[in-house]
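Coordinates from query-v8.txt are shown below (compact mmCIF, C-alpha atoms).
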```
# COMPACT_ATOMS: atom_id res chain seq x y z
CA MET Z 1 -18.10 -37.54 85.02
CA SER Z 2 -16.83 -37.96 88.54
CA LEU Z 3 -16.73 -41.25 90.43
CA SER Z 4 -19.51 -40.22 92.78
CA ALA Z 5 -21.73 -39.46 89.83
CA LEU Z 6 -20.99 -42.91 88.47
CA THR Z 7 -21.96 -44.61 91.73
CA LEU Z 8 -25.08 -42.49 91.78
CA LEU Z 9 -25.96 -43.64 88.28
CA ALA Z 10 -25.29 -47.25 89.26
CA ALA Z 11 -27.42 -46.87 92.37
CA GLU Z 12 -30.34 -45.69 90.34
CA ALA Z 13 -30.84 -49.15 88.91
CA ASP Z 14 -34.13 -49.60 90.73
CA ARG Z 15 -35.56 -46.53 88.99
CA VAL Z 16 -34.91 -48.17 85.66
CA SER Z 17 -36.78 -51.30 84.61
CA LEU Z 18 -33.68 -53.48 84.66
CA THR Z 19 -33.29 -56.30 87.16
CA SER Z 20 -29.78 -57.25 88.24
CA GLN Z 21 -30.30 -60.50 86.35
CA THR Z 22 -30.80 -58.72 83.01
CA ARG Z 23 -27.88 -56.45 83.82
CA ILE Z 24 -25.59 -59.43 84.35
CA ILE Z 25 -26.80 -61.12 81.17
CA ALA Z 26 -26.30 -57.88 79.21
CA ALA Z 27 -22.81 -57.40 80.62
CA VAL Z 28 -21.82 -60.99 79.82
CA LEU Z 29 -23.22 -60.67 76.30
CA ALA Z 30 -21.34 -57.42 75.77
CA ILE Z 31 -18.06 -58.98 76.89
CA LEU Z 32 -18.64 -62.08 74.75
CA PHE Z 33 -19.45 -59.80 71.81
CA MET Z 34 -16.20 -57.90 72.17
CA LEU Z 35 -14.28 -61.16 72.52
CA LEU Z 36 -15.89 -62.35 69.30
CA ILE Z 37 -14.76 -59.15 67.55
CA LEU Z 38 -11.22 -59.69 68.84
CA ASP Z 39 -11.25 -63.28 67.63
CA LEU Z 40 -12.49 -62.25 64.18
CA ILE Z 41 -9.64 -59.75 63.92
CA ARG Z 42 -7.17 -62.36 65.13
CA ARG Z 43 -8.29 -64.79 62.43
CA ASP Z 44 -8.14 -62.10 59.73
CA ARG Z 45 -11.87 -62.32 59.16
CA LEU Z 46 -12.43 -58.68 60.12
CA GLN Z 47 -10.22 -55.72 59.34
CA GLU Z 48 -9.26 -53.46 62.22
CA ARG Z 49 -10.70 -50.38 60.59
CA TYR Z 50 -14.15 -51.97 60.45
CA SER Z 51 -13.91 -53.30 64.01
CA VAL Z 52 -13.78 -49.92 65.77
CA ILE Z 53 -17.50 -49.30 65.39
CA TRP Z 54 -18.33 -52.74 66.77
CA PHE Z 55 -16.07 -52.24 69.76
CA ALA Z 56 -17.82 -48.97 70.46
CA ALA Z 57 -21.14 -50.80 70.31
CA GLY Z 58 -19.88 -53.47 72.73
CA LEU Z 59 -18.58 -50.86 75.17
CA ALA Z 60 -21.90 -49.01 75.00
CA MET Z 61 -23.69 -52.26 75.83
CA LEU Z 62 -21.38 -52.83 78.77
CA ALA Z 63 -21.83 -49.28 80.00
CA GLY Z 64 -25.60 -49.64 79.78
CA ALA Z 65 -25.46 -52.83 81.83
CA ALA Z 66 -23.09 -51.44 84.46
CA PHE Z 67 -24.76 -48.07 84.87
CA PRO Z 68 -28.48 -48.31 84.14
CA GLY Z 69 -28.75 -44.68 85.28
CA LEU Z 70 -26.99 -43.75 82.05
CA LEU Z 71 -29.98 -44.99 80.14
CA ARG Z 72 -32.36 -42.97 82.32
CA PHE Z 73 -30.13 -39.95 81.78
CA VAL Z 74 -30.22 -40.38 77.98
CA ALA Z 75 -33.97 -40.99 78.00
CA ASP Z 76 -34.47 -37.78 79.96
CA LEU Z 77 -32.27 -35.93 77.46
CA MET Z 78 -34.44 -37.27 74.65
CA GLY Z 79 -37.59 -36.34 76.52
CA VAL Z 80 -38.73 -39.97 76.55
CA ARG Z 81 -40.42 -41.25 79.71
CA ASP Z 82 -39.95 -44.94 78.92
CA THR Z 83 -36.28 -45.95 78.95
CA ASN Z 84 -37.07 -48.98 76.78
CA VAL Z 85 -38.32 -46.72 74.02
CA ALA Z 86 -35.16 -44.65 74.32
CA LEU Z 87 -33.01 -47.77 74.17
CA PHE Z 88 -34.77 -49.18 71.11
CA SER Z 89 -34.70 -45.83 69.30
CA ILE Z 90 -30.99 -45.45 69.85
CA VAL Z 91 -30.21 -48.99 68.78
CA LEU Z 92 -32.42 -48.66 65.71
CA LEU Z 93 -30.75 -45.42 64.66
CA LEU Z 94 -27.31 -46.90 65.20
CA LEU Z 95 -28.13 -49.94 63.08
CA LEU Z 96 -29.59 -47.74 60.37
CA GLY Z 97 -26.42 -45.68 60.34
CA LEU Z 98 -24.27 -48.80 60.21
CA ALA Z 99 -26.26 -50.29 57.33
CA LEU Z 100 -25.91 -47.05 55.40
CA ASN Z 101 -22.22 -47.00 56.15
CA PHE Z 102 -21.92 -50.47 54.68
CA SER Z 103 -23.80 -49.44 51.53
CA VAL Z 104 -21.31 -46.60 51.09
CA ILE Z 105 -18.37 -48.96 51.56
CA MET Z 106 -20.00 -51.46 49.18
CA SER Z 107 -20.50 -48.81 46.51
CA ARG Z 108 -16.89 -47.77 46.74
CA GLN Z 109 -15.73 -51.35 46.45
CA ALA Z 110 -18.10 -52.00 43.53
CA ALA Z 111 -16.54 -49.04 41.70
CA GLN Z 112 -13.07 -50.38 42.44
CA ILE Z 113 -13.99 -53.87 41.24
CA THR Z 114 -15.45 -52.41 38.04
CA ARG Z 115 -12.26 -50.51 37.29
CA LEU Z 116 -10.17 -53.60 38.03
CA ALA Z 117 -12.29 -55.68 35.64
CA GLN Z 118 -11.97 -53.01 32.96
CA GLU Z 119 -8.21 -52.81 33.38
CA ARG Z 120 -8.02 -56.59 33.08
CA ALA Z 121 -10.17 -56.53 29.92
CA ILE Z 122 -7.88 -53.91 28.39
CA GLU Z 123 -4.81 -55.96 29.32
CA ARG Z 124 -6.37 -58.98 27.61
CA ALA Z 125 -6.94 -57.04 24.41
CA LYS Z 126 -3.35 -55.79 24.56
CA GLU Z 127 -2.09 -59.32 25.05
CA GLN Z 128 -4.10 -60.39 22.03
CA ALA Z 129 -2.69 -57.52 19.96
CA ALA Z 130 0.86 -58.40 20.97
CA ARG Z 131 0.29 -62.08 20.25
CA GLU Z 132 -1.18 -61.39 16.84
CA ALA Z 133 1.60 -58.96 15.98
CA LEU Z 134 4.13 -61.66 16.86
CA GLU Z 135 2.29 -64.36 14.90
CA GLY Z 136 1.92 -62.01 11.97
CA ARG Z 137 5.67 -61.45 11.95
CA LEU Z 138 6.34 -65.18 12.16
CA ASN Z 139 4.05 -65.77 9.20
CA GLY Z 140 6.02 -63.18 7.27
CA ARG Z 141 3.15 -60.73 7.03
CA ARG Z 142 3.87 -57.07 6.49
CA GLU Z 143 4.60 -55.28 9.75
CA GLY Z 144 1.85 -52.98 10.94
CA GLU Z 145 -0.87 -54.91 9.23
CA ASP Z 146 -3.88 -55.60 11.36
CA ALA Z 147 -5.08 -59.00 12.45
CA PRO Z 148 -5.78 -61.51 9.63
CA ASP Z 149 -8.55 -59.96 7.62
CA PRO Z 150 -9.12 -60.84 3.99
CA ASP Z 151 -11.96 -58.31 3.58
CA ARG Z 152 -9.79 -55.35 4.29
CA SER Z 153 -7.28 -53.92 1.84
CA THR Z 154 -4.85 -51.30 3.07
CA MET A 1 0.55 -49.71 20.15
CA ARG A 2 -0.64 -50.54 16.68
CA ALA A 3 -0.21 -46.94 15.70
CA LYS A 4 3.53 -47.18 16.32
CA SER A 5 3.99 -49.97 13.85
CA ALA A 6 1.69 -48.40 11.24
CA PRO A 7 3.14 -46.54 8.24
CA VAL A 8 3.91 -42.88 8.92
CA GLU A 9 1.21 -41.39 6.71
CA GLN A 10 -1.36 -43.53 8.49
CA SER A 11 -0.35 -42.61 12.02
CA LEU A 12 -0.63 -38.94 11.15
CA ALA A 13 -4.19 -39.36 9.98
CA LEU A 14 -7.02 -39.12 12.47
CA ARG A 15 -7.83 -42.51 13.90
CA THR A 16 -11.25 -43.92 14.64
CA LEU A 17 -12.29 -46.79 16.86
CA VAL A 18 -15.62 -48.56 16.68
CA PHE A 19 -16.30 -50.65 19.75
CA ILE A 20 -19.07 -53.17 20.21
CA PRO A 21 -20.21 -54.14 23.71
CA ALA A 22 -21.38 -57.74 23.58
CA TRP A 23 -22.87 -60.04 26.16
CA ASN A 24 -23.66 -63.53 24.92
CA GLU A 25 -24.12 -62.44 21.33
CA GLU A 26 -22.38 -65.32 19.58
CA ALA A 27 -25.20 -65.53 17.03
CA SER A 28 -24.80 -62.01 15.72
CA ILE A 29 -21.29 -60.81 16.57
CA ASP A 30 -19.58 -62.01 13.34
CA GLY A 31 -22.22 -60.37 11.21
CA VAL A 32 -21.99 -57.06 13.07
CA VAL A 33 -18.19 -57.03 12.88
CA ALA A 34 -18.28 -57.76 9.15
CA ASP A 35 -20.90 -55.06 8.62
CA VAL A 36 -18.85 -52.47 10.50
CA ARG A 37 -15.82 -53.34 8.36
CA THR A 38 -17.80 -52.87 5.18
CA HIS A 39 -19.39 -49.57 6.14
CA ILE A 40 -16.63 -48.01 8.24
CA PRO A 41 -13.50 -49.40 6.57
CA ASP A 42 -11.11 -46.86 8.12
CA ALA A 43 -11.96 -47.68 11.72
CA ASP A 44 -10.30 -50.14 14.07
CA ILE A 45 -12.74 -52.44 15.78
CA LEU A 46 -12.79 -53.57 19.40
CA VAL A 47 -15.32 -56.00 20.81
CA VAL A 48 -15.90 -55.51 24.54
CA ASP A 49 -17.01 -58.89 25.79
CA ASP A 50 -19.00 -58.30 28.96
CA GLY A 51 -18.26 -61.60 30.64
CA SER A 52 -20.04 -63.71 28.05
CA THR A 53 -20.52 -67.35 28.89
CA ASP A 54 -20.92 -68.35 25.26
CA SER A 55 -18.36 -68.15 22.45
CA THR A 56 -18.76 -64.41 21.80
CA ALA A 57 -15.11 -63.63 22.61
CA GLU A 58 -13.73 -66.54 20.56
CA ARG A 59 -15.88 -65.58 17.58
CA ALA A 60 -14.79 -61.97 17.80
CA ARG A 61 -11.11 -62.99 17.84
CA ALA A 62 -11.71 -65.45 15.02
CA ALA A 63 -13.28 -62.61 13.04
CA GLY A 64 -9.91 -60.88 13.34
CA VAL A 65 -10.73 -58.07 15.73
CA LEU A 66 -9.35 -57.30 19.18
CA CYS A 67 -11.52 -58.40 22.05
CA ALA A 68 -11.43 -56.89 25.54
CA SER A 69 -12.94 -59.52 27.79
CA LEU A 70 -14.27 -58.41 31.15
CA PRO A 71 -13.63 -61.21 33.65
CA PHE A 72 -17.28 -61.25 34.72
CA ASN A 73 -20.53 -59.68 33.59
CA GLN A 74 -20.53 -56.03 34.61
CA GLY A 75 -23.45 -54.50 32.77
CA LEU A 76 -23.59 -52.35 29.67
CA GLY A 77 -22.32 -49.18 31.38
CA SER A 78 -19.10 -50.81 32.47
CA ALA A 79 -18.58 -52.42 29.06
CA LEU A 80 -19.06 -49.08 27.32
CA GLN A 81 -16.66 -47.40 29.72
CA THR A 82 -14.08 -50.06 28.89
CA GLY A 83 -14.42 -49.05 25.24
CA TYR A 84 -14.03 -45.35 26.00
CA LEU A 85 -11.02 -46.11 28.20
CA TRP A 86 -9.38 -48.11 25.41
CA ALA A 87 -10.08 -45.40 22.85
CA LEU A 88 -8.61 -42.74 25.14
CA ARG A 89 -5.49 -44.67 26.07
CA GLU A 90 -4.77 -45.92 22.56
CA GLY A 91 -4.92 -42.35 21.33
CA TYR A 92 -7.91 -42.57 19.03
CA ASP A 93 -9.33 -39.25 17.87
CA PHE A 94 -12.87 -40.49 17.47
CA CYS A 95 -14.83 -43.45 18.67
CA ALA A 96 -18.28 -44.89 18.16
CA HIS A 97 -20.19 -47.78 19.60
CA LEU A 98 -23.15 -49.86 18.55
CA ASP A 99 -25.03 -52.84 19.94
CA ALA A 100 -23.93 -56.34 19.04
CA ASP A 101 -27.42 -57.69 18.43
CA GLY A 102 -27.75 -56.29 14.93
CA GLN A 103 -30.25 -53.56 15.78
CA HIS A 104 -27.84 -50.81 14.85
CA PRO A 105 -26.94 -50.60 11.16
CA PRO A 106 -23.23 -49.68 10.87
CA ALA A 107 -24.07 -47.45 7.92
CA GLU A 108 -25.92 -45.22 10.38
CA VAL A 109 -22.97 -45.29 12.79
CA ALA A 110 -20.86 -43.94 9.94
CA ARG A 111 -23.22 -40.95 9.72
CA LEU A 112 -22.82 -40.32 13.45
CA LEU A 113 -19.06 -40.47 13.09
CA ALA A 114 -19.22 -37.97 10.27
CA GLU A 115 -20.90 -35.51 12.65
CA VAL A 116 -18.13 -35.64 15.24
CA GLN A 117 -15.39 -35.83 12.62
CA ALA A 118 -16.72 -32.65 11.05
CA ASN A 119 -16.62 -31.14 14.58
CA ARG A 120 -20.34 -30.38 14.52
CA ALA A 121 -20.75 -32.20 17.82
CA ASP A 122 -18.69 -33.68 20.65
CA LEU A 123 -21.16 -36.50 21.11
CA ALA A 124 -23.52 -37.67 18.38
CA LEU A 125 -26.41 -39.84 19.36
CA GLY A 126 -28.41 -42.06 17.05
CA SER A 127 -32.10 -41.41 17.60
CA ARG A 128 -34.92 -43.63 16.42
CA TYR A 129 -37.42 -40.88 17.01
CA ALA A 130 -35.82 -37.63 15.95
CA GLU A 131 -37.62 -35.94 13.10
CA ARG A 132 -35.98 -36.58 9.78
CA THR A 133 -35.32 -33.39 7.95
CA GLU A 134 -33.66 -34.96 4.97
CA ALA A 135 -35.08 -37.75 2.83
CA LEU A 136 -35.50 -40.88 4.92
CA PRO A 137 -31.95 -41.82 5.83
CA GLY A 138 -30.89 -45.40 5.75
CA ALA A 139 -33.73 -46.36 3.45
CA GLU A 140 -31.32 -48.51 1.49
CA ILE A 141 -30.57 -50.65 4.55
CA GLU A 142 -32.24 -54.02 4.39
CA GLY A 143 -34.14 -55.31 7.41
CA GLU A 144 -37.30 -54.83 9.38
CA ASP A 145 -37.74 -51.52 11.15
CA TYR A 146 -37.46 -51.46 14.91
CA LYS A 147 -40.78 -51.38 16.77
CA PRO A 148 -40.71 -50.70 20.51
CA THR A 149 -42.92 -52.62 22.92
CA TRP A 150 -45.54 -50.65 24.87
CA THR A 151 -43.62 -50.80 28.17
CA ARG A 152 -40.58 -49.48 26.42
CA THR A 153 -42.62 -46.71 24.84
CA ILE A 154 -43.74 -45.52 28.28
CA GLY A 155 -40.19 -45.57 29.60
CA ILE A 156 -38.88 -43.78 26.54
CA ASN A 157 -41.44 -41.00 26.92
CA VAL A 158 -40.82 -40.54 30.64
CA PHE A 159 -37.07 -40.26 30.13
CA ARG A 160 -37.47 -38.04 27.11
CA PHE A 161 -39.54 -35.60 29.16
CA ILE A 162 -37.39 -35.67 32.30
CA LEU A 163 -34.04 -35.44 30.54
CA THR A 164 -35.24 -32.63 28.31
CA LEU A 165 -36.38 -30.83 31.45
CA ALA A 166 -33.14 -31.47 33.32
CA THR A 167 -30.77 -30.50 30.51
CA ARG A 168 -32.93 -27.90 28.76
CA GLN A 169 -31.96 -29.59 25.53
CA ARG A 170 -34.41 -31.58 23.47
CA PHE A 171 -33.78 -35.32 23.47
CA THR A 172 -35.98 -37.83 21.71
CA ASP A 173 -34.07 -41.07 22.21
CA THR A 174 -32.37 -41.08 25.58
CA THR A 175 -31.45 -44.73 25.82
CA SER A 176 -29.95 -45.11 22.38
CA GLY A 177 -26.81 -47.22 22.49
CA MET A 178 -25.52 -45.97 19.16
CA ARG A 179 -23.15 -43.08 19.68
CA ALA A 180 -20.09 -41.40 18.27
CA ALA A 181 -17.71 -39.25 20.29
CA ASN A 182 -14.48 -37.29 20.22
CA ARG A 183 -11.67 -37.16 22.77
CA ARG A 184 -13.40 -34.69 25.07
CA VAL A 185 -16.18 -37.21 25.56
CA MET A 186 -13.71 -40.09 25.93
CA LYS A 187 -11.96 -38.23 28.74
CA LEU A 188 -15.22 -37.50 30.50
CA PHE A 189 -16.79 -40.94 30.11
CA SER A 190 -13.69 -42.94 30.95
CA GLU A 191 -13.66 -41.25 34.35
CA ASN A 192 -17.32 -40.58 35.12
CA TYR A 193 -19.75 -43.10 33.80
CA SER A 194 -22.31 -44.36 36.22
CA PRO A 195 -22.62 -48.12 35.84
CA ASP A 196 -26.22 -48.00 37.01
CA PHE A 197 -27.68 -45.82 34.35
CA ALA A 198 -25.08 -45.24 31.73
CA GLU A 199 -27.29 -44.18 28.83
CA ILE A 200 -29.15 -41.35 30.48
CA GLU A 201 -26.75 -40.05 33.05
CA SER A 202 -23.99 -39.85 30.48
CA LEU A 203 -26.12 -37.50 28.35
CA GLN A 204 -26.95 -35.35 31.32
CA LEU A 205 -23.29 -35.30 32.33
CA ALA A 206 -22.12 -34.35 28.85
CA VAL A 207 -24.60 -31.47 28.60
CA ARG A 208 -23.68 -30.24 32.08
CA GLU A 209 -20.03 -30.24 31.15
CA GLY A 210 -20.82 -27.98 28.25
CA LEU A 211 -20.22 -30.55 25.53
CA ARG A 212 -22.18 -30.38 22.30
CA VAL A 213 -24.54 -33.31 22.20
CA GLU A 214 -26.46 -33.80 18.99
CA GLU A 215 -29.13 -36.26 17.99
CA VAL A 216 -29.00 -37.71 14.53
CA PRO A 217 -32.06 -39.48 13.14
CA VAL A 218 -31.22 -43.09 12.36
CA ARG A 219 -32.99 -46.30 11.53
CA PHE A 220 -32.90 -49.17 13.99
CA LEU A 221 -33.65 -52.71 12.91
CA GLU A 222 -35.45 -55.48 14.73
CA ARG A 223 -32.96 -57.52 16.74
CA GLN A 224 -31.53 -60.52 14.93
CA GLY A 225 -31.25 -62.80 17.92
CA GLY A 226 -31.84 -62.84 21.67
CA ALA A 227 -34.63 -61.12 23.55
CA SER A 228 -34.95 -57.82 25.36
CA PHE A 229 -34.43 -58.20 29.08
CA LEU A 230 -37.27 -55.82 29.95
CA THR A 231 -40.39 -57.16 31.62
CA PRO A 232 -43.06 -54.70 32.87
CA LEU A 233 -41.79 -54.96 36.45
CA ARG A 234 -38.23 -54.45 35.38
CA SER A 235 -39.31 -51.52 33.25
CA ALA A 236 -40.94 -49.90 36.26
CA PHE A 237 -37.78 -50.41 38.31
CA PHE A 238 -35.72 -49.12 35.38
CA ILE A 239 -37.82 -45.96 35.17
CA PHE A 240 -37.70 -45.39 38.94
CA LYS A 241 -33.94 -45.80 38.98
CA GLY A 242 -33.64 -43.46 36.03
CA LEU A 243 -35.63 -40.76 37.76
CA ILE A 244 -33.37 -40.92 40.82
CA VAL A 245 -30.29 -40.80 38.62
CA ILE A 246 -31.47 -37.72 36.74
CA LEU A 247 -32.66 -35.94 39.88
CA VAL A 248 -29.38 -36.53 41.70
CA GLY A 249 -27.42 -35.75 38.55
CA MET A 250 -28.84 -32.23 38.56
CA PHE A 251 -27.04 -31.55 41.82
CA LYS A 252 -23.73 -33.22 41.09
CA PRO A 253 -20.70 -30.95 41.10
CA ARG A 254 -19.40 -29.91 37.73
CA ARG A 255 -16.04 -31.27 36.60
CA HIS A 256 -13.39 -29.65 34.47
CA ALA A 257 -14.20 -30.46 30.85
CA GLU A 258 -15.45 -26.94 30.14
CA ALA A 259 -12.10 -25.40 31.02
CA GLU A 260 -10.35 -27.65 28.52
CA ARG A 261 -12.30 -26.41 25.58
```

Take the structure in this file and express it as structure tokens.
Amino acid sequence: MSLSALTLLAAEADRVSLTSQTRIIAAVLAILFMLLILDLIRRDRLQERYSVIWFAAGLAMLAGAAFPGLLRFVADLMGVRDTNVALFSIVLLLLLGLALNFSVIMSRQAAQITRLAQERAIERAKEQAAREALEGRLNGRREGEDAPDPDRST
Amino acid sequence: MRAKSAPVEQSLALRTLVFIPAWNEEASIDGVVADVRTHIPDADILVVDDGSTDSTAERARAAGVLCASLPFNQGLGSALQTGYLWALREGYDFCAHLDADGQHPPAEVARLLAEVQANRADLALGSRYAERTEALPGAEIEGEDYKPTWTRTIGINVFRFILTLATRQRFTDTTSGMRAANRRVMKLFSENYSPDFAEIESLQLAVREGLRVEEVPVRFLERQGGASFLTPLRSAFFIFKGLIVILVGMFKPRRHAEAER
């Protein structure tokens, strides 16, 4: 997109139902949002790989505020007369996609946690077996005999 | 690891593991362990403690069996998979599992094991509802017969129908937690065992992988302690979840077990 096209898009603000006041608020919110993301990464509260999508969302917000014509352009592409409807549809779809993405990530992590728990359980049983084998030897029991068990004759 | 220290003639013999998933079953675990010992004397026993908050794990260890304690409650599927994983890694040839609440008579588990040990099936499944061709098995076992509640009966029938349709093999008791398996099944289940619907999906998976799954008529007893977790609402959710699992399972890619046979 050339620079002249950008200025054209910016100039079309009056065609879109956005006052300069809302545009400023939106731009400020977008910048604050991205700063928040940066801060979360800085404090190790958010991993970089999960931050990309949020940065993209912040940039999209900023772009929408700076060039309201973009929104008109997208709405026309979608065949929607009302830009607000276009905006809400896009945001809704994006959030839906994000939520699904999180469910996928959550499922993967749940599977990993399950396997970790199982490995730990198996380690515990092995520790018990080793401990009992040692104790059995100390008590002078025959090597290879199972845990103390009077019911069982080998 | 125990096999290494066992006498030579023993380590050459085929080894069997019976594992018992248990979640807060301190009232019945000793009795079940003792019963398994009596009826399946050749098997090693492992209790898989599914994050119990009572003394289940301590009682199991005190009873002289190994206990694999999951650090937190994971659900039956995960506990069962832990058992299969242990059986696979410790080199057991056969394994079986039964519930810790006393509903599953170990004498019946022994009959399931006999099926897989005789290589008549890869996975033998204890069914409360399969028709009994021989004289009533397990008649000598003391205890009250198991009677399902009406919500459970609905669920059982829905799953019976759907799973039979999906696998083209007749199943009468799809949620039975009394099973015996060989190493093929251990390999499959230790890798692929959906934690959400272990009982049903595992059957579907086994049939899809070309394993021989066989139902064996068994007697179940009324539970000795504790209560079933199923309320009507939960049953409905259970059934709904099961339907999704089976439907999706029909379109899952096949793995490799067939090639190994």

Next on the checklist: Show me, as a ChimeraX atom specification, the residues of chain A whose atoms get within 10 Å of chain Z, using all atoms listed in the file for the distance check.
Outcome noted: /A:1-7,34,37-38,41-42,44,46-51,61-75,78-83,85-86,89,190-191,194-195

Checklist entry - Distance CA of Val185 in chain A-CA of Ile244 in chain A, one decimal place? => result 23.3 Å

Item to check | Distance in Å - CA of Ile239 in chain A versus CA of Ser107 in chain Z | outcome: 20.9 Å

Next on the checklist: Show me, as a PyMOL selection string, the residues that have an atom within 8 Å of Gly242 in chain A when counting all atoms listed in the file, minus same-chain residues fewer than 4 positions from it.
Outcome noted: chain A and resi 159+197+200+238+246
